[in-house]
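A.B. asks: See final-v5.cif below, with mmCIF, C-alpha atoms.
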data_run
#
loop_
_atom_site.group_PDB
_atom_site.id
_atom_site.type_symbol
_atom_site.label_atom_id
_atom_site.label_comp_id
_atom_site.auth_asym_id
_atom_site.auth_seq_id
_atom_site.Cartn_x
_atom_site.Cartn_y
_atom_site.Cartn_z
ATOM 1 C CA MET J 627 43.805 -10.917 6.677
ATOM 2 C CA LYS J 628 43.941 -7.677 4.746
ATOM 3 C CA ARG J 629 40.655 -6.391 3.403
ATOM 4 C CA SER J 630 40.378 -5.278 -0.197
ATOM 5 C CA ALA J 631 39.967 -1.607 -1.059
ATOM 6 C CA GLU J 632 36.417 -2.246 -2.220
ATOM 7 C CA ASP J 633 35.539 -4.018 1.048
ATOM 8 C CA ILE J 634 36.696 -0.947 2.972
ATOM 9 C CA GLU J 635 34.838 1.376 0.599
ATOM 10 C CA LEU J 636 31.667 -0.644 1.030
ATOM 11 C CA GLY J 637 31.911 -0.480 4.822
ATOM 12 C CA LEU J 638 32.438 3.283 4.713
ATOM 13 C CA PHE J 639 29.478 3.673 2.340
ATOM 14 C CA VAL J 640 27.209 1.769 4.756
ATOM 15 C CA GLU J 641 28.420 3.856 7.702
ATOM 16 C CA ALA J 642 27.969 7.125 5.791
ATOM 17 C CA LEU J 643 24.438 6.183 4.801
ATOM 18 C CA LYS J 644 23.601 5.433 8.433
ATOM 19 C CA GLN J 645 25.356 8.420 10.048
ATOM 20 C CA ARG J 646 24.334 11.021 7.457
ATOM 21 C CA HIS J 647 20.851 9.885 6.500
ATOM 22 C CA GLY J 648 19.695 7.365 9.117
ATOM 23 C CA TYR J 649 19.434 4.276 6.921
ATOM 24 C CA ASP J 650 21.150 1.161 8.264
ATOM 25 C CA PHE J 651 22.017 -1.464 5.652
ATOM 26 C CA SER J 652 24.683 -3.195 7.731
ATOM 27 C CA GLY J 653 22.440 -6.229 8.231
ATOM 28 C CA TYR J 654 21.880 -6.896 4.535
ATOM 29 C CA ALA J 655 23.426 -9.964 2.898
ATOM 30 C CA GLU J 656 26.750 -8.737 1.552
ATOM 31 C CA ALA J 657 26.836 -10.337 -1.910
ATOM 32 C CA SER J 658 23.503 -8.967 -3.121
ATOM 33 C CA PHE J 659 24.065 -5.627 -1.384
ATOM 34 C CA ARG J 660 27.491 -5.240 -3.032
ATOM 35 C CA ARG J 661 25.949 -5.834 -6.458
ATOM 36 C CA ARG J 662 23.367 -3.140 -5.819
ATOM 37 C CA VAL J 663 26.014 -0.627 -4.722
ATOM 38 C CA GLN J 664 28.085 -1.435 -7.798
ATOM 39 C CA GLY J 665 24.944 -0.775 -9.831
ATOM 40 C CA LEU J 666 24.623 2.598 -8.118
ATOM 41 C CA CYS J 667 28.162 3.480 -9.203
ATOM 42 C CA ILE J 668 27.183 2.771 -12.788
ATOM 43 C CA HIS J 669 23.915 4.643 -12.455
ATOM 44 C CA PHE J 670 25.523 7.767 -10.973
ATOM 45 C CA ARG J 671 28.650 7.456 -13.138
ATOM 46 C CA THR J 672 31.149 7.331 -10.319
ATOM 47 C CA GLU J 673 34.458 5.563 -10.753
ATOM 48 C CA ASN J 674 34.262 3.778 -7.409
ATOM 49 C CA ILE J 675 32.265 3.458 -4.187
ATOM 50 C CA SER J 676 34.341 6.165 -2.487
ATOM 51 C CA GLN J 677 33.166 8.748 -5.019
ATOM 52 C CA LEU J 678 29.600 7.539 -4.526
ATOM 53 C CA THR J 679 29.982 7.974 -0.752
ATOM 54 C CA GLU J 680 31.368 11.488 -1.160
ATOM 55 C CA GLN J 681 28.418 12.532 -3.300
ATOM 56 C CA LEU J 682 26.010 10.989 -0.825
ATOM 57 C CA LEU J 683 27.619 12.776 2.128
ATOM 58 C CA HIS J 684 27.389 16.166 0.436
ATOM 59 C CA ASP J 685 23.861 15.670 -0.907
ATOM 60 C CA ARG J 686 24.998 15.747 -4.528
ATOM 61 C CA ILE J 687 22.739 12.768 -5.109
ATOM 62 C CA ALA J 688 19.306 12.274 -3.570
ATOM 63 C CA VAL J 689 19.274 9.721 -0.775
ATOM 64 C CA GLY J 690 15.813 8.629 -1.920
ATOM 65 C CA ASP J 691 17.257 7.542 -5.262
ATOM 66 C CA VAL J 692 19.967 5.588 -3.468
ATOM 67 C CA VAL J 693 17.608 3.843 -1.043
ATOM 68 C CA SER J 694 15.195 3.031 -3.863
ATOM 69 C CA GLN J 695 17.873 1.097 -5.724
ATOM 70 C CA LEU J 696 19.281 -0.555 -2.603
ATOM 71 C CA SER J 697 15.912 -1.892 -1.491
ATOM 72 C CA VAL J 698 14.141 -4.852 -3.066
ATOM 73 C CA PRO J 699 11.298 -3.455 -5.206
ATOM 74 C CA VAL J 700 10.562 -6.694 -7.096
ATOM 75 C CA SER J 701 6.941 -7.785 -6.911
ATOM 76 C CA GLU J 702 3.977 -8.675 -9.066
ATOM 77 C CA PHE J 703 0.234 -9.181 -8.809
ATOM 78 C CA PHE J 704 -0.730 -12.535 -7.267
ATOM 79 C CA ARG J 705 2.887 -13.569 -6.988
ATOM 80 C CA ASP J 706 3.087 -17.216 -5.893
ATOM 81 C CA PRO J 707 -0.665 -17.922 -6.233
ATOM 82 C CA PRO J 708 -0.655 -21.016 -3.955
ATOM 83 C CA SER J 709 0.335 -18.763 -1.044
ATOM 84 C CA PHE J 710 -2.685 -16.557 -1.669
ATOM 85 C CA ALA J 711 -4.862 -19.658 -1.967
ATOM 86 C CA THR J 712 -3.540 -20.806 1.422
ATOM 87 C CA LEU J 713 -4.413 -17.442 2.943
ATOM 88 C CA ARG J 714 -7.948 -17.746 1.614
ATOM 89 C CA ARG J 715 -8.305 -21.289 2.937
ATOM 90 C CA GLU J 716 -6.506 -21.112 6.308
ATOM 91 C CA VAL J 717 -6.483 -17.468 7.363
ATOM 92 C CA PHE J 718 -9.554 -15.688 6.016
ATOM 93 C CA PRO J 719 -12.045 -17.845 7.992
ATOM 94 C CA VAL J 720 -10.220 -16.899 11.221
ATOM 95 C CA LEU J 721 -10.001 -13.218 10.253
ATOM 96 C CA ALA J 722 -13.761 -13.284 9.725
ATOM 97 C CA SER J 723 -14.194 -13.795 13.488
ATOM 98 C CA TYR J 724 -12.730 -10.343 14.262
ATOM 99 C CA PRO J 725 -14.882 -7.188 14.172
ATOM 100 C CA HIS J 726 -11.855 -5.204 12.973
ATOM 101 C CA ILE J 727 -8.903 -6.665 11.051
ATOM 102 C CA ASN J 728 -5.379 -5.225 10.928
ATOM 103 C CA ILE J 729 -2.873 -6.549 8.398
ATOM 104 C CA TRP J 730 0.763 -5.504 8.121
ATOM 105 C CA GLN J 731 2.377 -5.965 4.712
ATOM 106 C CA ALA J 732 6.097 -5.334 5.335
ATOM 107 C CA GLY J 733 8.316 -4.634 2.326
ATOM 108 C CA CYS J 734 5.363 -3.803 0.098
ATOM 109 C CA ALA J 735 7.488 -2.455 -2.794
ATOM 110 C CA ARG J 736 5.213 -0.886 -5.449
ATOM 111 C CA GLY J 737 2.045 -2.325 -3.951
ATOM 112 C CA GLU J 738 1.157 -5.190 -6.275
ATOM 113 C CA GLU J 739 0.812 -7.749 -3.490
ATOM 114 C CA VAL J 740 -1.076 -5.275 -1.301
ATOM 115 C CA TYR J 741 -3.717 -4.765 -3.952
ATOM 116 C CA SER J 742 -3.815 -8.494 -4.730
ATOM 117 C CA LEU J 743 -4.656 -9.081 -1.079
ATOM 118 C CA ALA J 744 -7.250 -6.289 -1.122
ATOM 119 C CA ILE J 745 -8.973 -7.933 -4.092
ATOM 120 C CA LEU J 746 -9.218 -11.322 -2.372
ATOM 121 C CA LEU J 747 -10.398 -9.713 0.881
ATOM 122 C CA THR J 748 -13.075 -7.882 -1.100
ATOM 123 C CA GLU J 749 -14.306 -11.121 -2.637
ATOM 124 C CA ALA J 750 -14.334 -12.768 0.799
ATOM 125 C CA GLY J 751 -16.476 -9.943 2.197
ATOM 126 C CA LEU J 752 -13.763 -8.881 4.654
ATOM 127 C CA TYR J 753 -12.293 -5.736 3.148
ATOM 128 C CA GLU J 754 -14.846 -3.331 4.635
ATOM 129 C CA ARG J 755 -13.531 -4.048 8.157
ATOM 130 C CA THR J 756 -9.869 -4.380 7.246
ATOM 131 C CA ARG J 757 -7.004 -1.899 7.514
ATOM 132 C CA ILE J 758 -3.849 -2.842 5.608
ATOM 133 C CA TYR J 759 -0.650 -1.152 6.771
ATOM 134 C CA ALA J 760 1.722 -1.380 3.811
ATOM 135 C CA THR J 761 5.296 -0.379 4.615
ATOM 136 C CA ASP J 762 8.597 -0.129 2.812
ATOM 137 C CA ILE J 763 11.978 1.503 3.296
ATOM 138 C CA SER J 764 11.771 3.252 -0.094
ATOM 139 C CA GLU J 765 9.614 6.366 -0.384
ATOM 140 C CA HIS J 766 9.906 6.085 -4.189
ATOM 141 C CA ALA J 767 8.317 2.633 -4.090
ATOM 142 C CA LEU J 768 5.609 3.858 -1.710
ATOM 143 C CA SER J 769 4.800 6.775 -4.008
ATOM 144 C CA ALA J 770 4.268 4.375 -6.919
ATOM 145 C CA ALA J 771 2.146 2.126 -4.693
ATOM 146 C CA ARG J 772 -0.082 5.004 -3.614
ATOM 147 C CA GLU J 773 -0.656 5.981 -7.238
ATOM 148 C CA GLY J 774 -1.801 2.489 -8.174
ATOM 149 C CA VAL J 775 -0.923 2.812 -11.873
ATOM 150 C CA TYR J 776 0.871 -0.034 -13.662
ATOM 151 C CA PRO J 777 1.709 -1.124 -17.222
ATOM 152 C CA ASP J 778 -1.278 -3.053 -18.554
ATOM 153 C CA ARG J 779 0.920 -6.055 -19.412
ATOM 154 C CA GLU J 780 1.430 -6.666 -15.686
ATOM 155 C CA LEU J 781 -2.249 -7.351 -15.098
ATOM 156 C CA ARG J 782 -2.640 -9.395 -18.277
ATOM 157 C CA GLN J 783 0.193 -11.627 -17.085
ATOM 158 C CA SER J 784 -1.439 -11.917 -13.664
ATOM 159 C CA ALA J 785 -4.864 -13.154 -14.803
ATOM 160 C CA SER J 786 -3.975 -16.828 -14.437
ATOM 161 C CA GLY J 787 -2.434 -16.196 -11.012
ATOM 162 C CA TYR J 788 -5.621 -14.472 -9.899
ATOM 163 C CA PHE J 789 -7.749 -17.509 -10.733
ATOM 164 C CA GLU J 790 -5.169 -19.916 -9.279
ATOM 165 C CA ALA J 791 -5.290 -17.897 -6.063
ATOM 166 C CA GLY J 792 -9.053 -18.418 -5.944
ATOM 167 C CA GLY J 793 -10.311 -15.271 -7.640
ATOM 168 C CA SER J 794 -14.037 -15.534 -8.282
ATOM 169 C CA ARG J 795 -14.729 -12.581 -10.538
ATOM 170 C CA THR J 796 -12.855 -11.008 -13.439
ATOM 171 C CA LEU J 797 -9.608 -9.168 -12.796
ATOM 172 C CA SER J 798 -10.653 -6.359 -15.129
ATOM 173 C CA ASP J 799 -13.434 -5.514 -12.647
ATOM 174 C CA TYR J 800 -10.787 -3.862 -10.475
ATOM 175 C CA PHE J 801 -9.108 -1.416 -12.852
ATOM 176 C CA HIS J 802 -9.520 1.021 -15.708
ATOM 177 C CA ALA J 803 -7.266 0.651 -18.753
ATOM 178 C CA ARG J 804 -5.995 3.565 -20.819
ATOM 179 C CA TYR J 805 -2.940 4.358 -22.958
ATOM 180 C CA GLY J 806 -1.118 1.138 -22.170
ATOM 181 C CA HIS J 807 -1.556 1.458 -18.399
ATOM 182 C CA ILE J 808 -4.128 0.375 -15.843
ATOM 183 C CA LYS J 809 -5.335 2.388 -12.867
ATOM 184 C CA LEU J 810 -6.656 0.414 -9.958
ATOM 185 C CA ASP J 811 -10.109 1.168 -8.629
ATOM 186 C CA ASP J 812 -9.974 3.680 -5.778
ATOM 187 C CA ASP J 813 -12.090 1.324 -3.661
ATOM 188 C CA LEU J 814 -9.033 -0.934 -3.338
ATOM 189 C CA LYS J 815 -7.003 1.935 -1.851
ATOM 190 C CA ARG J 816 -9.446 3.265 0.702
ATOM 191 C CA ASN J 817 -8.438 0.890 3.505
ATOM 192 C CA VAL J 818 -4.696 0.886 2.821
ATOM 193 C CA THR J 819 -2.222 3.046 4.741
ATOM 194 C CA PHE J 820 1.177 3.311 3.054
ATOM 195 C CA ALA J 821 4.036 4.307 5.346
ATOM 196 C CA GLU J 822 7.824 4.339 5.404
ATOM 197 C CA HIS J 823 9.252 1.778 7.820
ATOM 198 C CA ASN J 824 12.768 0.400 8.185
ATOM 199 C CA LEU J 825 12.933 -3.163 9.511
ATOM 200 C CA ALA J 826 16.564 -2.559 10.523
ATOM 201 C CA MET J 827 15.859 0.428 12.769
ATOM 202 C CA ASP J 828 12.153 1.069 13.419
ATOM 203 C CA GLY J 829 9.871 -0.571 15.947
ATOM 204 C CA VAL J 830 6.386 -2.035 16.170
ATOM 205 C CA PHE J 831 3.599 0.356 15.233
ATOM 206 C CA CYS J 832 0.412 -1.722 15.104
ATOM 207 C CA GLU J 833 -1.267 -4.853 16.456
ATOM 208 C CA ALA J 834 -2.160 -7.174 13.615
ATOM 209 C CA GLN J 835 -3.959 -10.443 13.000
ATOM 210 C CA LEU J 836 -1.845 -11.090 9.884
ATOM 211 C CA VAL J 837 1.694 -10.054 8.958
ATOM 212 C CA LEU J 838 3.071 -10.650 5.471
ATOM 213 C CA CYS J 839 6.732 -10.213 4.591
ATOM 214 C CA ARG J 840 7.462 -12.232 1.503
ATOM 215 C CA ASN J 841 10.889 -12.553 -0.136
ATOM 216 C CA VAL J 842 12.511 -9.836 1.970
ATOM 217 C CA LEU J 843 14.304 -11.795 4.688
ATOM 218 C CA ILE J 844 16.417 -13.647 2.097
ATOM 219 C CA TYR J 845 18.312 -10.371 1.581
ATOM 220 C CA PHE J 846 19.122 -10.033 5.314
ATOM 221 C CA LYS J 847 21.920 -11.465 7.405
ATOM 222 C CA PRO J 848 20.727 -13.730 10.284
ATOM 223 C CA PRO J 849 20.834 -11.017 12.999
ATOM 224 C CA LEU J 850 18.631 -8.693 10.946
ATOM 225 C CA GLN J 851 16.346 -11.594 10.049
ATOM 226 C CA ARG J 852 15.887 -12.225 13.750
ATOM 227 C CA ARG J 853 15.196 -8.555 14.468
ATOM 228 C CA ALA J 854 12.500 -8.470 11.791
ATOM 229 C CA LEU J 855 10.942 -11.700 13.035
ATOM 230 C CA GLU J 856 10.864 -10.345 16.585
ATOM 231 C CA LEU J 857 9.020 -7.278 15.296
ATOM 232 C CA PHE J 858 6.487 -9.475 13.536
ATOM 233 C CA HIS J 859 6.008 -11.624 16.635
ATOM 234 C CA ALA J 860 5.496 -8.546 18.802
ATOM 235 C CA SER J 861 2.965 -7.156 16.321
ATOM 236 C CA LEU J 862 0.839 -10.272 16.091
ATOM 237 C CA VAL J 863 -2.066 -11.005 18.386
ATOM 238 C CA ARG J 864 -1.963 -14.472 19.956
ATOM 239 C CA GLY J 865 -3.126 -16.831 17.258
ATOM 240 C CA GLY J 866 -2.170 -14.307 14.552
ATOM 241 C CA PHE J 867 -0.643 -15.410 11.263
ATOM 242 C CA LEU J 868 2.754 -14.792 9.666
ATOM 243 C CA CYS J 869 3.274 -15.339 5.947
ATOM 244 C CA LEU J 870 6.821 -15.411 4.531
ATOM 245 C CA GLY J 871 8.203 -16.108 1.068
ATOM 246 C CA ASN J 872 8.311 -19.715 -0.116
ATOM 247 C CA LYS J 873 12.125 -19.741 0.172
ATOM 248 C CA GLU J 874 12.048 -18.436 3.735
ATOM 249 C CA SER J 875 11.342 -20.229 7.008
ATOM 250 C CA LEU J 876 11.670 -19.978 10.772
ATOM 251 C CA SER J 877 13.556 -23.257 11.061
ATOM 252 C CA ARG J 878 16.944 -21.599 11.672
ATOM 253 C CA HIS J 879 15.660 -19.193 14.305
ATOM 254 C CA ASP J 880 14.777 -19.994 17.905
ATOM 255 C CA ILE J 881 11.860 -17.584 17.593
ATOM 256 C CA GLY J 882 10.297 -20.363 15.560
ATOM 257 C CA ASP J 883 9.375 -21.953 18.890
ATOM 258 C CA HIS J 884 6.745 -19.243 19.234
ATOM 259 C CA PHE J 885 5.021 -20.245 15.984
ATOM 260 C CA THR J 886 3.263 -23.289 14.571
ATOM 261 C CA LEU J 887 3.899 -24.173 10.933
ATOM 262 C CA LEU J 888 0.586 -24.435 9.084
ATOM 263 C CA ASP J 889 1.716 -24.743 5.474
ATOM 264 C CA ARG J 890 5.322 -25.323 4.435
ATOM 265 C CA GLN J 891 4.840 -24.502 0.735
ATOM 266 C CA GLY J 892 3.045 -21.274 1.568
ATOM 267 C CA ALA J 893 5.462 -20.462 4.437
ATOM 268 C CA LEU J 894 2.457 -19.796 6.651
ATOM 269 C CA TYR J 895 2.864 -19.772 10.434
ATOM 270 C CA ARG J 896 0.596 -19.073 13.370
ATOM 271 C CA ARG J 897 1.682 -17.457 16.608
ATOM 272 C CA VAL J 898 1.182 -19.929 19.441
ATOM 273 C CA LEU J 899 -1.897 -19.477 21.568
ATOM 274 C CA ASP J 900 -0.114 -20.334 24.811
ATOM 275 C CA PRO J 901 -0.129 -17.123 26.915
ATOM 276 C CA ASP J 902 3.526 -17.787 27.774
ATOM 277 C CA GLY J 903 4.527 -18.100 24.089
#
Output the file's structure as structure tokens, nothing else.
C.D. replies:
Amino acid sequence: MKRSAEDIELGLFVEALKQRHGYDFSGYAEASFRRRVQGLCIHFRTENISQLTEQLLHDRIAVGDVVSQLSVPVSEFFRDPPSFATLRREVFPVLASYPHINIWQAGCARGEEVYSLAILLTEAGLYERTRIYATDISEHALSAAREGVYPDRELRQSASGYFEAGGSRTLSDYFHARYGHIKLDDDLKRNVTFAEHNLAMDGVFCEAQLVLCRNVLIYFKPPLQRRALELFHASLVRGGFLCLGNKESLSRHDIGDHFTLLDRQGALYRRVLDPDG
């Protein structure tokens, strides 16, 4: 079967991005990835993907801008509150047994979920001994996350989610508002390390008691999903926890045999304690 011109252009774009700049998007689900590349053509005012590829190859457009729009930067504070409530109920009591706690938040986007977690850890009395490693493929997203400044409407809309997640104070205790924006308290940043990490190409870099990667795997093809899940498994201590998005599961992957499902709605799993698992 003959491939369309756009299919060929898309394949060449992916290969150029990998060979020229070291970013591998070949494992991303094609339909959503194609839409994002078409959006890039509009954004950079190119007539087709071939022109976009040419500009990318010759550095006429910044690769950071391209990667930023190809990644999945959608997030919000206390997104899916029941999942956070499950973490508080099922995971935090176990984390409390460790003298030092490492958490890996993969695909952290602009940091909203990272800081949501930091707030709940603070209220549970665990943040002082916690290090959160927040990673993303997009340096633009990481820069915004490090700054910790957001439109004030985002936090107003998140107040109900905070209480549904089990928040015990007032959300305004954690930020300063000015000129239509809020700046998060620096105390929430002090135990967070933001770093660039590519789930398609990079390896394990820390041992963690909890790994969160919510609503990222749905954009991957099965082989890349498996690669990411293998990274998470290798990162977790025995008995460590894995939290996915509520539309994601391990049911289609044989690596699921190495985890126990704790909460289906919250997509919360625990690495098996068996030393052979």
A.B. asks: Output the residue selection produced by the PyMOL selection byres ((chain J and resi 890) around 10) on the file above, formatted as an NGL selection string.
C.D. replies: :J and (709 or 872-875 or 887-889 or 891-895)
A.B. asks: For the residues selected in the previous step, produce a file with C-alpha atoms as a PDB file, keeping the file's coordinate frame.
C.D. replies:
ATOM      1  CA  SER J 709       0.335 -18.763  -1.044  1.00  0.00           C
ATOM      2  CA  ASN J 872       8.311 -19.715  -0.116  1.00  0.00           C
ATOM      3  CA  LYS J 873      12.125 -19.741   0.172  1.00  0.00           C
ATOM      4  CA  GLU J 874      12.048 -18.436   3.735  1.00  0.00           C
ATOM      5  CA  SER J 875      11.342 -20.229   7.008  1.00  0.00           C
ATOM      6  CA  LEU J 887       3.899 -24.173  10.933  1.00  0.00           C
ATOM      7  CA  LEU J 888       0.586 -24.435   9.084  1.00  0.00           C
ATOM      8  CA  ASP J 889       1.716 -24.743   5.474  1.00  0.00           C
ATOM      9  CA  GLN J 891       4.840 -24.502   0.735  1.00  0.00           C
ATOM     10  CA  GLY J 892       3.045 -21.274   1.568  1.00  0.00           C
ATOM     11  CA  ALA J 893       5.462 -20.462   4.437  1.00  0.00           C
ATOM     12  CA  LEU J 894       2.457 -19.796   6.651  1.00  0.00           C
ATOM     13  CA  TYR J 895       2.864 -19.772  10.434  1.00  0.00           C
TER      14      TYR J 895
END
A.B. asks: What is the atom CA of Gly793 of chain J to atom CA of Arg755 of chain J distance in Å?
C.D. replies: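 Interatomic distance here is 19.6 Å.
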A.B. asks: Could you tell me which residues the PyMOL selection byres ((chain J and resi 676) around 9) returns for this structure, as JSON, numbers by chain?
C.D. replies: {"J": [632, 635, 636, 638, 639, 672, 673, 674, 675, 677, 678, 679, 680, 681]}
A.B. asks: Evaluate the PyMOL selection byres ((chain J and resi 802) around 12) against this structure - the residues, as a CSV table (one decimal) with C-alpha atoms, in the frame of the given file, please.
C.D. replies:
chain,number,residue,atom,x,y,z
J,774,GLY,CA,-1.8,2.5,-8.2
J,775,VAL,CA,-0.9,2.8,-11.9
J,776,TYR,CA,0.9,0.0,-13.7
J,777,PRO,CA,1.7,-1.1,-17.2
J,778,ASP,CA,-1.3,-3.1,-18.6
J,781,LEU,CA,-2.2,-7.4,-15.1
J,797,LEU,CA,-9.6,-9.2,-12.8
J,798,SER,CA,-10.7,-6.4,-15.1
J,799,ASP,CA,-13.4,-5.5,-12.6
J,800,TYR,CA,-10.8,-3.9,-10.5
J,801,PHE,CA,-9.1,-1.4,-12.9
J,803,ALA,CA,-7.3,0.7,-18.8
J,804,ARG,CA,-6.0,3.6,-20.8
J,805,TYR,CA,-2.9,4.4,-23.0
J,806,GLY,CA,-1.1,1.1,-22.2
J,807,HIS,CA,-1.6,1.5,-18.4
J,808,ILE,CA,-4.1,0.4,-15.8
J,809,LYS,CA,-5.3,2.4,-12.9
J,810,LEU,CA,-6.7,0.4,-10.0
J,811,ASP,CA,-10.1,1.2,-8.6
J,812,ASP,CA,-10.0,3.7,-5.8
A.B. asks: Let me make sure I understand: among J:Gln835, J:Ser697, J:Ser861, J:Gln851, which one has the smallest atom-to-atom distance to Tyr724 of chain J if we use only C-alpha atoms?
C.D. replies: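 Closest residue, counting only C-alpha atoms: J:Gln835.
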A.B. asks: Please report the interatomic distance between atom CA of Pro725 of chain J and atom CA of Tyr759 of chain J in Å with one decimal.
C.D. replies: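 We find that atom CA of Pro725 of chain J and atom CA of Tyr759 of chain J lie 17.1 Å from each other.
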A.B. asks: Taking all atoms listed in the file into account, which of J:His766, J:Arg772, J:Lys847, J:Lys815 comes nearest Leu696 of chain J?
C.D. replies: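 Distance minimum relative to Leu696 of chain J lands on J:His766.
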A.B. asks: So how far away is atom CA of Ile727 of chain J from atom CA of Gly866 of chain J, in Å?
C.D. replies: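 Value for the atom CA of Gly866 of chain J-atom CA of Ile727 of chain J distance: 10.8 Å.
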A.B. asks: So which one's closest to Thr886 of chain J, J:Val830, J:Val663, J:Ala854, J:Cys869? Using only C-alpha atoms, please.
C.D. replies: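 Answer, going by the shortest atom-to-atom distance: J:Cys869.
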A.B. asks: Which one is closest to Arg782 of chain J: J:Glu702, J:Asp691, J:Pro849, J:Arg864? Count all atoms listed in the file.
C.D. replies: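 Result for the nearest residue to Arg782 of chain J: J:Glu702.
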A.B. asks: My list of candidates is J:His823, J:Arg840, J:Arg715, J:Arg705. Which is closest to Glu780 of chain J when distances are computed with only C-alpha atoms?
C.D. replies: J:Arg705
